[in-house]
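> Structure supplied as protein_4.cif; contents: mmCIF, C-alpha atoms.
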```cif
data_input
#
loop_
_atom_site.label_atom_id
_atom_site.label_comp_id
_atom_site.auth_asym_id
_atom_site.auth_seq_id
_atom_site.Cartn_x
_atom_site.Cartn_y
_atom_site.Cartn_z
CA MET A 115 81.79 93.62 71.45
CA ALA A 116 80.12 96.21 69.21
CA THR A 117 77.86 94.91 66.45
CA LEU A 118 78.56 96.22 62.97
CA ARG A 119 75.36 97.41 61.29
CA VAL A 120 75.34 97.62 57.51
CA ALA A 121 72.68 99.78 55.91
CA VAL A 122 70.84 97.91 53.18
CA LYS A 123 69.30 100.00 50.45
CA PRO A 124 65.66 98.95 49.98
CA GLU A 125 64.73 97.62 46.60
CA ALA A 126 62.73 99.94 44.39
CA ALA A 127 59.06 99.12 44.26
CA PRO A 128 58.07 97.43 41.02
CA MET A 129 55.70 98.83 38.45
CA THR A 130 53.60 97.15 35.78
CA VAL A 131 54.68 97.55 32.15
CA ALA A 132 53.23 96.38 28.82
CA GLN A 133 56.25 95.89 26.57
CA ILE A 134 57.18 94.52 23.17
CA SER A 135 60.40 92.45 23.22
CA LYS A 136 60.95 92.06 19.48
CA PRO A 137 59.49 93.26 16.17
CA GLY A 138 56.09 91.65 15.71
CA GLY A 139 56.14 90.25 19.23
CA ASP A 140 53.18 89.97 21.55
CA PHE A 141 52.52 92.33 24.43
CA GLU A 142 54.17 91.15 27.65
CA ILE A 143 52.90 92.31 31.04
CA VAL A 144 56.01 92.46 33.21
CA GLU A 145 57.31 94.20 36.32
CA ARG A 146 60.19 96.67 36.26
CA GLU A 147 61.78 98.95 38.77
CA ILE A 148 60.30 102.46 38.81
CA PRO A 149 62.77 104.62 36.81
CA GLU A 150 64.56 107.69 38.15
CA PRO A 151 64.56 110.90 36.10
CA GLY A 152 67.89 112.27 34.93
CA ALA A 153 68.92 115.87 34.42
CA GLY A 154 66.33 117.76 32.39
CA GLN A 155 63.76 114.99 32.86
CA VAL A 156 60.68 114.33 34.96
CA ARG A 157 59.02 111.13 36.05
CA ILE A 158 55.32 110.88 35.28
CA LYS A 159 52.83 108.74 37.14
CA VAL A 160 50.74 107.71 34.15
CA GLN A 161 46.98 108.04 34.60
CA ALA A 162 45.89 107.21 31.03
CA CYS A 163 47.51 106.45 27.69
CA GLY A 164 45.81 106.41 24.33
CA VAL A 165 46.24 103.44 22.00
CA CYS A 166 47.00 104.90 18.57
CA HIS A 167 47.31 103.27 15.16
CA SER A 168 50.86 104.65 14.98
CA ASP A 169 51.75 102.26 17.82
CA VAL A 170 52.00 99.66 15.06
CA LEU A 171 55.43 101.19 14.31
CA THR A 172 56.62 99.97 17.71
CA LYS A 173 54.64 96.73 17.72
CA GLU A 174 55.88 95.60 14.31
CA GLY A 175 59.34 97.20 14.30
CA LEU A 176 58.62 99.50 11.37
CA TRP A 177 60.60 102.48 12.68
CA PRO A 178 64.27 102.43 11.59
CA GLY A 179 66.66 101.88 14.48
CA ILE A 180 64.05 101.13 17.14
CA GLN A 181 65.50 99.14 20.06
CA TYR A 182 63.83 96.46 22.14
CA PRO A 183 62.33 95.78 24.57
CA ARG A 184 60.22 98.88 24.07
CA VAL A 185 57.11 100.23 25.76
CA PRO A 186 54.71 101.87 23.25
CA GLY A 187 52.42 104.83 23.89
CA HIS A 188 52.54 108.46 22.78
CA GLU A 189 49.20 109.74 24.13
CA VAL A 190 50.21 110.02 27.76
CA ALA A 191 48.33 111.87 30.51
CA GLY A 192 49.60 111.85 34.06
CA ILE A 193 51.08 113.65 37.04
CA ILE A 194 54.70 114.62 37.68
CA ASP A 195 55.80 112.70 40.76
CA GLU A 196 59.54 113.41 40.58
CA VAL A 197 61.79 115.94 38.85
CA GLY A 198 65.40 115.52 37.83
CA ALA A 199 68.29 117.92 38.22
CA ALA A 200 68.13 121.27 36.43
CA VAL A 201 64.33 121.20 36.21
CA SER A 202 62.70 124.40 37.46
CA ALA A 203 59.66 125.17 35.28
CA TRP A 204 57.83 121.92 36.10
CA LYS A 205 56.73 120.89 39.58
CA LYS A 206 55.78 117.71 41.40
CA GLY A 207 52.03 117.23 41.37
CA GLN A 208 51.55 119.07 38.06
CA ARG A 209 49.30 117.45 35.43
CA VAL A 210 51.18 116.91 32.17
CA GLY A 211 50.92 115.06 28.91
CA VAL A 212 53.36 113.72 26.34
CA GLY A 213 52.40 113.29 22.70
CA TRP A 214 54.11 112.11 19.53
CA HIS A 215 56.75 114.85 19.72
CA GLY A 216 59.03 113.48 22.40
CA GLY A 217 61.90 115.94 22.09
CA GLN A 218 64.33 117.48 19.63
CA ASP A 219 68.08 117.91 19.23
CA ASN A 220 68.03 121.75 19.34
CA THR A 221 71.04 121.83 16.98
CA CYS A 222 69.80 120.99 13.46
CA ARG A 223 68.89 123.72 11.00
CA GLU A 224 65.16 123.30 11.59
CA CYS A 225 65.52 123.55 15.38
CA ARG A 226 67.72 126.63 15.06
CA ARG A 227 64.88 128.20 13.08
CA GLY A 228 62.32 127.22 15.71
CA ASP A 229 60.75 124.50 13.55
CA PHE A 230 60.99 121.83 16.24
CA ARG A 231 58.22 119.77 14.66
CA ASN A 232 60.52 119.00 11.75
CA CYS A 233 63.67 118.36 13.78
CA ARG A 234 65.94 116.06 11.78
CA ASN A 235 66.62 113.96 14.88
CA VAL A 236 63.21 114.22 16.51
CA LYS A 237 62.49 111.90 19.41
CA VAL A 238 59.21 110.03 19.45
CA CYS A 239 57.65 108.93 22.72
CA GLY A 240 57.16 105.17 22.69
CA ILE A 241 59.74 104.72 19.93
CA SER A 242 62.88 106.66 20.89
CA TYR A 243 62.25 105.89 24.56
CA ASP A 244 59.64 104.01 26.56
CA GLY A 245 56.16 105.48 26.36
CA GLY A 246 52.94 105.39 28.34
CA TYR A 247 51.93 101.71 28.39
CA GLN A 248 53.30 101.60 31.95
CA GLN A 249 52.55 102.98 35.38
CA TYR A 250 55.53 105.37 35.47
CA MET A 251 57.61 106.85 32.68
CA VAL A 252 60.47 109.31 32.29
CA ALA A 253 60.30 112.11 29.72
CA PRO A 254 62.48 115.09 28.79
CA ILE A 255 61.02 118.46 29.76
CA GLU A 256 60.88 119.61 26.12
CA ALA A 257 58.22 116.92 25.53
CA LEU A 258 55.82 118.09 28.25
CA ALA A 259 52.46 119.77 27.78
CA ALA A 260 50.40 121.13 30.67
CA ILE A 261 46.91 119.60 30.95
CA PRO A 262 44.09 121.98 31.97
CA GLU A 263 41.92 121.03 34.92
CA GLY A 264 38.73 120.88 32.84
CA LEU A 265 39.84 117.74 31.00
CA LYS A 266 39.83 114.24 32.45
CA ASP A 267 42.97 112.14 31.93
CA ALA A 268 41.30 109.67 29.56
CA GLU A 269 39.87 112.60 27.56
CA ALA A 270 43.17 114.44 27.37
CA ALA A 271 45.24 111.45 26.25
CA PRO A 272 43.82 111.04 22.69
CA LEU A 273 43.93 114.81 22.20
CA LEU A 274 47.73 114.61 22.42
CA CYS A 275 47.93 112.83 19.06
CA ALA A 276 44.61 112.53 17.21
CA GLY A 277 43.45 115.83 18.68
CA ILE A 278 46.54 117.91 18.00
CA THR A 279 46.86 116.46 14.47
CA THR A 280 43.33 117.44 13.43
CA TYR A 281 43.35 120.76 15.31
CA ASN A 282 46.77 121.79 14.03
CA GLY A 283 46.11 120.61 10.48
CA LEU A 284 42.89 122.63 10.30
CA ARG A 285 44.28 125.81 11.81
CA HIS A 286 47.20 125.78 9.37
CA SER A 287 45.06 124.86 6.36
CA GLY A 288 44.29 128.42 5.25
CA ALA A 289 40.52 127.99 5.58
CA PHE A 290 38.52 130.87 7.06
CA PRO A 291 35.28 130.79 9.08
CA GLY A 292 32.39 130.22 6.71
CA ASP A 293 34.47 128.23 4.22
CA LEU A 294 33.40 124.75 3.16
CA VAL A 295 35.68 122.23 4.85
CA ALA A 296 35.22 118.50 4.27
CA VAL A 297 36.41 115.85 6.70
CA GLN A 298 37.07 112.49 5.06
CA GLY A 299 36.42 109.70 7.55
CA VAL A 300 34.27 109.53 10.68
CA GLY A 301 36.70 107.59 12.84
CA GLY A 302 39.42 108.11 15.41
CA LEU A 303 40.78 111.23 13.71
CA GLY A 304 37.68 112.22 11.79
CA HIS A 305 35.28 112.41 14.74
CA LEU A 306 37.61 114.98 16.30
CA GLY A 307 38.21 116.77 13.00
CA ILE A 308 34.45 117.29 12.54
CA GLN A 309 34.17 118.77 16.03
CA PHE A 310 37.14 121.11 15.62
CA ALA A 311 35.98 122.20 12.15
CA ASN A 312 32.55 123.03 13.55
CA LYS A 313 34.02 125.04 16.44
CA PHE A 314 36.30 126.90 14.01
CA GLY A 315 33.18 128.18 12.24
CA TYR A 316 33.51 126.24 8.99
CA LYS A 317 30.66 124.81 6.97
CA VAL A 318 31.46 121.15 7.62
CA ALA A 319 30.85 118.31 5.17
CA ALA A 320 31.58 114.91 6.71
CA ILE A 321 32.41 112.14 4.23
CA GLY A 322 31.93 108.53 5.33
CA ARG A 323 31.30 105.09 3.93
CA GLY A 324 27.68 104.09 4.46
CA SER A 325 24.58 105.83 5.74
CA GLU A 326 25.01 104.59 9.31
CA ASN A 327 27.48 107.41 10.09
CA ALA A 328 25.11 110.21 9.09
CA ALA A 329 23.38 110.77 12.44
CA LEU A 330 26.64 110.73 14.41
CA ALA A 331 28.35 113.08 11.97
CA LYS A 332 25.52 115.58 12.34
CA LYS A 333 25.65 115.22 16.14
CA LEU A 334 29.39 115.94 16.08
CA GLY A 335 28.79 119.16 14.16
CA ALA A 336 28.67 118.34 10.45
CA ASN A 337 26.31 120.48 8.38
CA VAL A 338 26.25 117.94 5.55
CA TYR A 339 26.89 114.21 5.42
CA ILE A 340 28.10 112.61 2.18
CA ASP A 341 27.93 108.83 1.78
CA SER A 342 30.85 108.01 -0.52
CA GLN A 343 29.43 104.53 -1.17
CA ALA A 344 26.12 105.82 -2.46
CA THR A 345 27.31 108.88 -4.39
CA ASN A 346 30.31 110.57 -5.98
CA ALA A 347 31.68 112.57 -3.05
CA ALA A 348 33.78 114.90 -5.22
CA GLN A 349 30.74 115.84 -7.30
CA GLU A 350 28.68 116.43 -4.16
CA LEU A 351 31.36 118.80 -2.85
CA GLN A 352 31.31 120.69 -6.15
CA LYS A 353 27.53 121.06 -5.86
CA LEU A 354 28.25 122.85 -2.57
CA GLY A 355 30.74 125.15 -4.28
CA GLY A 356 33.90 123.11 -3.88
CA ALA A 357 35.80 122.53 -0.66
CA GLN A 358 38.41 125.03 0.47
CA VAL A 359 39.98 122.22 2.49
CA ILE A 360 39.52 118.48 2.60
CA LEU A 361 40.97 117.02 5.79
CA ALA A 362 41.89 113.45 4.83
CA THR A 363 41.84 111.44 8.05
CA ALA A 364 41.11 107.85 6.95
CA PRO A 365 44.32 106.03 5.88
CA ASN A 366 42.96 105.12 2.44
CA SER A 367 44.94 106.59 -0.43
CA LYS A 368 42.37 105.55 -3.05
CA ALA A 369 39.60 107.36 -1.16
CA MET A 370 41.81 110.46 -0.87
CA SER A 371 42.58 110.39 -4.58
CA GLU A 372 38.89 110.28 -5.45
CA LEU A 373 38.24 113.49 -3.52
CA ILE A 374 40.75 115.79 -5.22
CA ASP A 375 38.21 116.88 -7.84
CA GLY A 376 35.98 118.05 -4.97
CA LEU A 377 38.37 120.90 -4.15
CA GLY A 378 37.35 124.43 -5.07
CA PRO A 379 39.70 127.08 -6.50
CA ASN A 380 42.86 127.33 -4.38
CA GLY A 381 41.58 124.35 -2.42
CA LYS A 382 43.87 122.09 -0.42
CA LEU A 383 43.84 118.39 0.40
CA MET A 384 45.32 118.26 3.91
CA VAL A 385 46.60 114.72 4.48
CA ILE A 386 46.87 113.46 8.06
CA GLY A 387 45.77 109.82 7.64
CA ALA A 388 48.96 107.75 7.35
CA ALA A 389 48.81 105.26 4.48
CA PHE A 390 51.69 103.58 2.65
CA ASP A 391 50.33 103.40 -0.90
CA PRO A 392 50.46 106.41 -3.27
CA ILE A 393 47.86 109.12 -3.73
CA GLU A 394 47.09 109.34 -7.46
CA VAL A 395 46.66 112.76 -9.03
CA THR A 396 47.29 114.21 -12.47
CA PRO A 397 49.18 117.48 -12.93
CA LEU A 398 46.08 118.90 -14.64
CA GLN A 399 43.97 118.27 -11.52
CA LEU A 400 46.35 120.45 -9.52
CA ILE A 401 46.92 123.09 -12.17
CA SER A 402 43.19 123.52 -12.75
CA GLY A 403 42.01 125.68 -9.88
CA SER A 404 45.52 126.02 -8.39
CA ARG A 405 44.88 123.13 -6.04
CA ALA A 406 47.38 121.76 -3.54
CA ILE A 407 48.13 118.64 -1.54
CA GLN A 408 49.88 118.98 1.81
CA GLY A 409 50.82 116.55 4.54
CA TRP A 410 50.68 117.47 8.20
CA ALA A 411 52.27 115.83 11.22
CA SER A 412 51.04 116.46 14.74
CA GLY A 413 52.94 119.32 16.40
CA THR A 414 55.03 120.45 19.34
CA PRO A 415 54.05 120.37 23.03
CA ALA A 416 53.11 124.06 22.71
CA ASP A 417 50.64 123.00 19.98
CA SER A 418 49.37 120.28 22.30
CA GLU A 419 48.65 122.89 24.96
CA ASP A 420 46.76 124.99 22.41
CA THR A 421 44.73 121.92 21.45
CA LEU A 422 43.94 121.00 25.05
CA ARG A 423 42.92 124.54 26.01
CA PHE A 424 40.72 124.92 22.93
CA ALA A 425 39.07 121.57 23.59
CA GLU A 426 38.43 122.52 27.21
CA LEU A 427 36.88 125.85 26.19
CA SER A 428 34.86 124.64 23.21
CA GLY A 429 33.61 121.30 24.51
CA VAL A 430 35.43 119.15 21.93
CA ARG A 431 35.88 115.69 23.43
CA PRO A 432 37.06 112.34 22.07
CA MET A 433 34.77 109.33 22.15
CA ILE A 434 36.75 106.64 23.96
CA GLU A 435 36.73 103.03 25.06
CA THR A 436 38.91 102.31 28.09
CA TYR A 437 40.84 99.20 29.12
CA PRO A 438 43.07 98.50 32.12
CA LEU A 439 46.82 98.39 31.46
CA GLU A 440 46.88 94.62 31.99
CA LYS A 441 44.63 94.25 28.92
CA ALA A 442 46.94 96.22 26.61
CA ALA A 443 46.92 93.44 24.01
CA GLU A 444 43.10 93.41 23.94
CA ALA A 445 43.00 97.21 23.71
CA TYR A 446 45.51 97.22 20.85
CA ALA A 447 43.55 94.54 18.97
CA ARG A 448 40.35 96.54 19.43
CA MET A 449 42.02 99.63 17.99
CA MET A 450 43.45 97.69 15.04
CA SER A 451 40.05 96.13 14.28
CA GLY A 452 38.69 99.53 13.28
CA LYS A 453 35.53 98.83 15.28
CA ALA A 454 36.32 101.02 18.31
CA GLN A 455 34.06 104.04 18.94
CA PHE A 456 36.44 105.82 18.34
CA ARG A 457 39.63 106.06 20.40
CA VAL A 458 40.98 103.44 22.79
CA ALA A 459 42.74 104.37 26.04
CA LEU A 460 44.51 102.45 28.75
CA THR A 461 43.82 103.54 32.32
CA MET A 462 46.12 102.88 35.27
#
```
Could I get this structure in the form of structure tokens?


Amino acid sequence: MATLRVAVKPEAAPMTVAQISKPGGDFEIVEREIPEPGAGQVRIKVQACGVCHSDVLTKEGLWPGIQYPRVPGHEVAGIIDEVGAAVSAWKKGQRVGVGWHGGQDNTCRECRRGDFRNCRNVKVCGISYDGGYQQYMVAPIEALAAIPEGLKDAEAAPLLCAGITTYNGLRHSGAFPGDLVAVQGVGGLGHLGIQFANKFGYKVAAIGRGSENAALAKKLGANVYIDSQATNAAQELQKLGGAQVILATAPNSKAMSELIDGLGPNGKLMVIGAAFDPIEVTPLQLISGSRAIQGWASGTPADSEDTLRFAELSGVRPMIETYPLEKAAEAYARMMSGKAQFRVALTM
């Protein structure tokens, strides 16, 4: 009598994931099945993922409509290991990154005008869908940025958020080579902002709290270091002729407010440090000297590629502390403490 053989589909191999199950919940290290990419998507074998302060939006449930469980992480560097249907421009084995901009709807007014950064229904990696705190992740092709060979994974990851934000903010600030540009804060954003500003050919004034940052700021490329605890930083900037741009990186609205009088004629306070309390300014401060305040969000994957290529060519690199994925909670706590030097990254 013939024996009936039934083919049994093998179970998908598990992967390790650091997830948040509810707003304000702790990190949970769990196993999940490795996901399959759908049409217009790729699967990325994550090599490194930066731990950014904006991950607090996922950790604490501060983003409207976020669903749980959710895997944070929007500074992802990895390798494509599978492509979905209708994907032709991206290949298996290609190094790619995913930053804050995780996709757009392509139908809103801003998208139709090519302003994908301000899409009204923008997707955010690690918020709209699971991000890089895991060994494998799926991302839409419109979120992908090619990573050049000259950058290591752990170096590239922070450049996909902190890097692109400082690089993009500076290059759209209106400052020209030779102009005085001040960088407020010598931290996760600021230490990259100082480097980019130096490579752009600006006269760079780094503004920090305390004298202990002076040597590092100079090493990163600052021409001048201003200790805002020991002196009036706005007055010091005016002694230098007034700043054409002040890149405000530290999320301290009071500190930003105190710098507005340091702007020169037609100067601009470029705000990239995310704080929730108001910046205080009088109309007269803006009218006098035709000053301006502008906010700047990160950018599109095309901007990420510009950032990565410029960093590769110019030698701009983030200072990082690395942790294994299994210590995601420890890495997140280190980042939140403000004591990291200066970015934190998970490695797989």

> Have a look at atom CA of Tyr247 of chain A and atom CA of Ile143 of chain A and let me know their distance in Å, one decimal.

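Distance between the two atoms: 9.8 Å.
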
> Counting all atoms listed in the file, write as number ranges by chain all protein and nucleic acid residues lying at most 12 Å from (61.4, 95.5, 19.3) in the file's frame.

A: 133-142, 169-186, 240-244

> Rounded to one decimal, what separation in Å do you get between atom CA of Ala442 of chain A and atom CA of Ala454 of chain A?

14.3 Å

> Skipping near chain neighbours, those fewer than 2 positions away, what residues fall within 10 Å of segment 154-162 of chain A using all atoms listed in the file, listed as a PyMOL selection string?

chain A and resi 148-152+164-165+187+189-202+204-212+245-258+266-272+436-439+459-462

> Taking into account only C-alpha atoms, which residue in the set A:Ala416, A:Ala362, A:Leu422, A:Ile434 is nearest to Asp229 of chain A?

A:Ala416

> Provide the atom CA of His167 of chain A to atom CA of Gly302 of chain A distance in Å, to one decimal place.

9.3 Å

> Using the chain letters and numbers from the file, give me the residues hit by the PyMOL selection byres ((chain A and resi 279) around 9), as a PDB file with C-alpha atoms, in the frame of the given file.


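What landed in expr_18.pdb:
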```pdb
ATOM      1  CA  LEU A 273      43.930 114.810  22.200  1.00  0.00           C
ATOM      2  CA  LEU A 274      47.730 114.610  22.420  1.00  0.00           C
ATOM      3  CA  CYS A 275      47.930 112.830  19.060  1.00  0.00           C
ATOM      4  CA  ALA A 276      44.610 112.530  17.210  1.00  0.00           C
ATOM      5  CA  GLY A 277      43.450 115.830  18.680  1.00  0.00           C
ATOM      6  CA  ILE A 278      46.540 117.910  18.000  1.00  0.00           C
ATOM      7  CA  THR A 280      43.330 117.440  13.430  1.00  0.00           C
ATOM      8  CA  TYR A 281      43.350 120.760  15.310  1.00  0.00           C
ATOM      9  CA  ASN A 282      46.770 121.790  14.030  1.00  0.00           C
ATOM     10  CA  GLY A 283      46.110 120.610  10.480  1.00  0.00           C
ATOM     11  CA  LEU A 284      42.890 122.630  10.300  1.00  0.00           C
ATOM     12  CA  LEU A 303      40.780 111.230  13.710  1.00  0.00           C
ATOM     13  CA  GLY A 307      38.210 116.770  13.000  1.00  0.00           C
ATOM     14  CA  ILE A 386      46.870 113.460   8.060  1.00  0.00           C
ATOM     15  CA  TRP A 410      50.680 117.470   8.200  1.00  0.00           C
ATOM     16  CA  ALA A 411      52.270 115.830  11.220  1.00  0.00           C
ATOM     17  CA  SER A 412      51.040 116.460  14.740  1.00  0.00           C
ATOM     18  CA  GLY A 413      52.940 119.320  16.400  1.00  0.00           C
TER      19      GLY A 413
END
```

> Applied to this file, what does the PyMOL selection byres ((chain A and resi 377) around 8) return in terms of residues, put as a list in words?

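Evaluating the PyMOL selection byres ((chain A and resi 377) around 8) on this file yields Ala348, Leu351, Gln352, Gly356, Ala357, Gln358, Val359, Ile360, Leu373, Ile374, Asp375, Gly376, Gly378, Pro379, Asn380, Gly381, Lys382, Leu383 and Arg405 of chain A.
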
> Based on the selection just made, write C-alpha atoms of those residues as a tab-separated table (two decimals), keeping the file's coordinate frame.


```
chain	number	residue	atom	x	y	z
A	348	ALA	CA	33.78	114.90	-5.22
A	351	LEU	CA	31.36	118.80	-2.85
A	352	GLN	CA	31.31	120.69	-6.15
A	356	GLY	CA	33.90	123.11	-3.88
A	357	ALA	CA	35.80	122.53	-0.66
A	358	GLN	CA	38.41	125.03	0.47
A	359	VAL	CA	39.98	122.22	2.49
A	360	ILE	CA	39.52	118.48	2.60
A	373	LEU	CA	38.24	113.49	-3.52
A	374	ILE	CA	40.75	115.79	-5.22
A	375	ASP	CA	38.21	116.88	-7.84
A	376	GLY	CA	35.98	118.05	-4.97
A	378	GLY	CA	37.35	124.43	-5.07
A	379	PRO	CA	39.70	127.08	-6.50
A	380	ASN	CA	42.86	127.33	-4.38
A	381	GLY	CA	41.58	124.35	-2.42
A	382	LYS	CA	43.87	122.09	-0.42
A	383	LEU	CA	43.84	118.39	0.40
A	405	ARG	CA	44.88	123.13	-6.04
```

> Restricting the calculation to all atoms listed in the file, which member of A:Thr396, A:Gln298, A:Ser168, A:Asn346 is positioned closest to Ile321 of chain A?

A:Gln298

> Would you write out, as an mmCIF file with C-alpha atoms, in the frame of the given file, every residue that the PyMOL selection byres ((chain A and resi 334) around 8) captures in this file?


```cif
data_model
loop_
_atom_site.group_PDB
_atom_site.id
_atom_site.type_symbol
_atom_site.label_atom_id
_atom_site.label_comp_id
_atom_site.auth_asym_id
_atom_site.auth_seq_id
_atom_site.Cartn_x
_atom_site.Cartn_y
_atom_site.Cartn_z
ATOM 1 C CA HIS A 305 35.280 112.410 14.740
ATOM 2 C CA ILE A 308 34.450 117.290 12.540
ATOM 3 C CA GLN A 309 34.170 118.770 16.030
ATOM 4 C CA LEU A 330 26.640 110.730 14.410
ATOM 5 C CA ALA A 331 28.350 113.080 11.970
ATOM 6 C CA LYS A 332 25.520 115.580 12.340
ATOM 7 C CA LYS A 333 25.650 115.220 16.140
ATOM 8 C CA GLY A 335 28.790 119.160 14.160
ATOM 9 C CA ALA A 336 28.670 118.340 10.450
#
```

> Quick one: of A:Arg234, A:Gly409, A:Glu326, A:Leu265, who's nearest to Ala389 of chain A, counting all atoms listed in the file?

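Once distances to Ala389 of chain A are computed over all atoms listed in the file, the minimum belongs to A:Gly409.
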
> Rank A:Lys313, A:Lys453, A:Arg448, A:Arg146 by their smallest atom-to-atom distance to Arg431 of chain A, using all atoms listed in the file, and report the top residue only.

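Checking each candidate against Arg431 of chain A, we get A:Lys313 as the closest.
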
> A:Pro415, A:Pro397, A:Gly301, A:Gly452: which is nearest Met433 of chain A, counting all atoms listed in the file?

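Checking each candidate against Met433 of chain A, we get A:Gly301 as the closest.
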
> Give me the residues of segment 380-460 of chain A that have any atom at most 7 Å from an atom of segment 365-370 of chain A; for each, the nearest atom pair and the distance in Å, rounded to one decimal. Use all atoms listed in the file, sort by chain and number, and format it as JSON lines.


```
{"residue": "A:Gly387", "atom": "CA", "partner": "A:Pro365", "partner_atom": "CA", "distance": 4.4}
{"residue": "A:Ala388", "atom": "CA", "partner": "A:Pro365", "partner_atom": "CA", "distance": 5.2}
{"residue": "A:Ala389", "atom": "CA", "partner": "A:Pro365", "partner_atom": "CA", "distance": 4.8}
{"residue": "A:Asp391", "atom": "CA", "partner": "A:Ser367", "partner_atom": "CA", "distance": 6.3}
{"residue": "A:Pro392", "atom": "CA", "partner": "A:Ser367", "partner_atom": "CA", "distance": 6.2}
{"residue": "A:Ile393", "atom": "CA", "partner": "A:Ser367", "partner_atom": "CA", "distance": 5.1}
```

> Could you give me, as a PyMOL selection string, the residues within 9 Å of Arg423 of chain A, counting only C-alpha atoms and dropping anything in the same chain fewer than 2 positions from it?

chain A and resi 261-262+264-265+418-421+425-428

> Need a file for segment 218-231 of chain A from that block: N, CA, C and O atoms, written as a PDB file, in the first residue's frame.


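So the final result, stored in result-v1.pdb, reads:
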```pdb
ATOM      1  N   GLN A 218       6.094  58.346   1.957  1.00  0.00           N
ATOM      2  CA  GLN A 218       5.112  59.418   1.777  1.00  0.00           C
ATOM      3  C   GLN A 218       3.924  58.891   0.984  1.00  0.00           C
ATOM      4  O   GLN A 218       3.992  57.812   0.403  1.00  0.00           O
ATOM      5  N   ASP A 219       2.833  59.680   0.954  1.00  0.00           N
ATOM      6  CA  ASP A 219       1.621  59.179   0.289  1.00  0.00           C
ATOM      7  C   ASP A 219       1.616  59.418  -1.219  1.00  0.00           C
ATOM      8  O   ASP A 219       0.830  58.808  -1.946  1.00  0.00           O
ATOM      9  N   ASN A 220       2.462  60.334  -1.697  1.00  0.00           N
ATOM     10  CA  ASN A 220       2.572  60.659  -3.130  1.00  0.00           C
ATOM     11  C   ASN A 220       1.301  61.253  -3.731  1.00  0.00           C
ATOM     12  O   ASN A 220       1.193  61.378  -4.955  1.00  0.00           O
ATOM     13  N   THR A 221       0.337  61.625  -2.900  1.00  0.00           N
ATOM     14  CA  THR A 221      -0.923  62.172  -3.414  1.00  0.00           C
ATOM     15  C   THR A 221      -1.275  63.542  -2.859  1.00  0.00           C
ATOM     16  O   THR A 221      -2.058  64.269  -3.472  1.00  0.00           O
ATOM     17  N   CYS A 222      -0.738  63.915  -1.686  1.00  0.00           N
ATOM     18  CA  CYS A 222      -1.082  65.214  -1.096  1.00  0.00           C
ATOM     19  C   CYS A 222      -0.465  66.348  -1.922  1.00  0.00           C
ATOM     20  O   CYS A 222       0.379  66.118  -2.789  1.00  0.00           O
ATOM     21  N   ARG A 223      -0.891  67.560  -1.636  1.00  0.00           N
ATOM     22  CA  ARG A 223      -0.409  68.710  -2.397  1.00  0.00           C
ATOM     23  C   ARG A 223       1.100  68.845  -2.329  1.00  0.00           C
ATOM     24  O   ARG A 223       1.767  69.117  -3.337  1.00  0.00           O
ATOM     25  N   GLU A 224       1.673  68.636  -1.141  1.00  0.00           N
ATOM     26  CA  GLU A 224       3.117  68.770  -0.989  1.00  0.00           C
ATOM     27  C   GLU A 224       3.864  67.714  -1.814  1.00  0.00           C
ATOM     28  O   GLU A 224       4.866  68.016  -2.463  1.00  0.00           O
ATOM     29  N   CYS A 225       3.392  66.477  -1.781  1.00  0.00           N
ATOM     30  CA  CYS A 225       4.037  65.431  -2.577  1.00  0.00           C
ATOM     31  C   CYS A 225       3.932  65.733  -4.068  1.00  0.00           C
ATOM     32  O   CYS A 225       4.888  65.521  -4.826  1.00  0.00           O
ATOM     33  N   ARG A 226       2.787  66.218  -4.499  1.00  0.00           N
ATOM     34  CA  ARG A 226       2.613  66.521  -5.924  1.00  0.00           C
ATOM     35  C   ARG A 226       3.540  67.644  -6.370  1.00  0.00           C
ATOM     36  O   ARG A 226       3.850  67.772  -7.551  1.00  0.00           O
ATOM     37  N   ARG A 227       3.999  68.438  -5.420  1.00  0.00           N
ATOM     38  CA  ARG A 227       4.954  69.503  -5.725  1.00  0.00           C
ATOM     39  C   ARG A 227       6.386  69.072  -5.455  1.00  0.00           C
ATOM     40  O   ARG A 227       7.315  69.879  -5.546  1.00  0.00           O
ATOM     41  N   GLY A 228       6.581  67.800  -5.118  1.00  0.00           N
ATOM     42  CA  GLY A 228       7.924  67.291  -4.875  1.00  0.00           C
ATOM     43  C   GLY A 228       8.469  67.570  -3.489  1.00  0.00           C
ATOM     44  O   GLY A 228       9.641  67.288  -3.228  1.00  0.00           O
ATOM     45  N   ASP A 229       7.638  68.094  -2.603  1.00  0.00           N
ATOM     46  CA  ASP A 229       8.076  68.421  -1.247  1.00  0.00           C
ATOM     47  C   ASP A 229       7.759  67.250  -0.329  1.00  0.00           C
ATOM     48  O   ASP A 229       6.949  67.351   0.590  1.00  0.00           O
ATOM     49  N   PHE A 230       8.420  66.113  -0.577  1.00  0.00           N
ATOM     50  CA  PHE A 230       8.096  64.890   0.154  1.00  0.00           C
ATOM     51  C   PHE A 230       8.385  65.012   1.644  1.00  0.00           C
ATOM     52  O   PHE A 230       7.734  64.360   2.467  1.00  0.00           O
ATOM     53  N   ARG A 231       9.336  65.849   1.995  1.00  0.00           N
ATOM     54  CA  ARG A 231       9.690  66.022   3.410  1.00  0.00           C
ATOM     55  C   ARG A 231       8.504  66.506   4.232  1.00  0.00           C
ATOM     56  O   ARG A 231       8.387  66.198   5.419  1.00  0.00           O
TER      57      ARG A 231
END
```
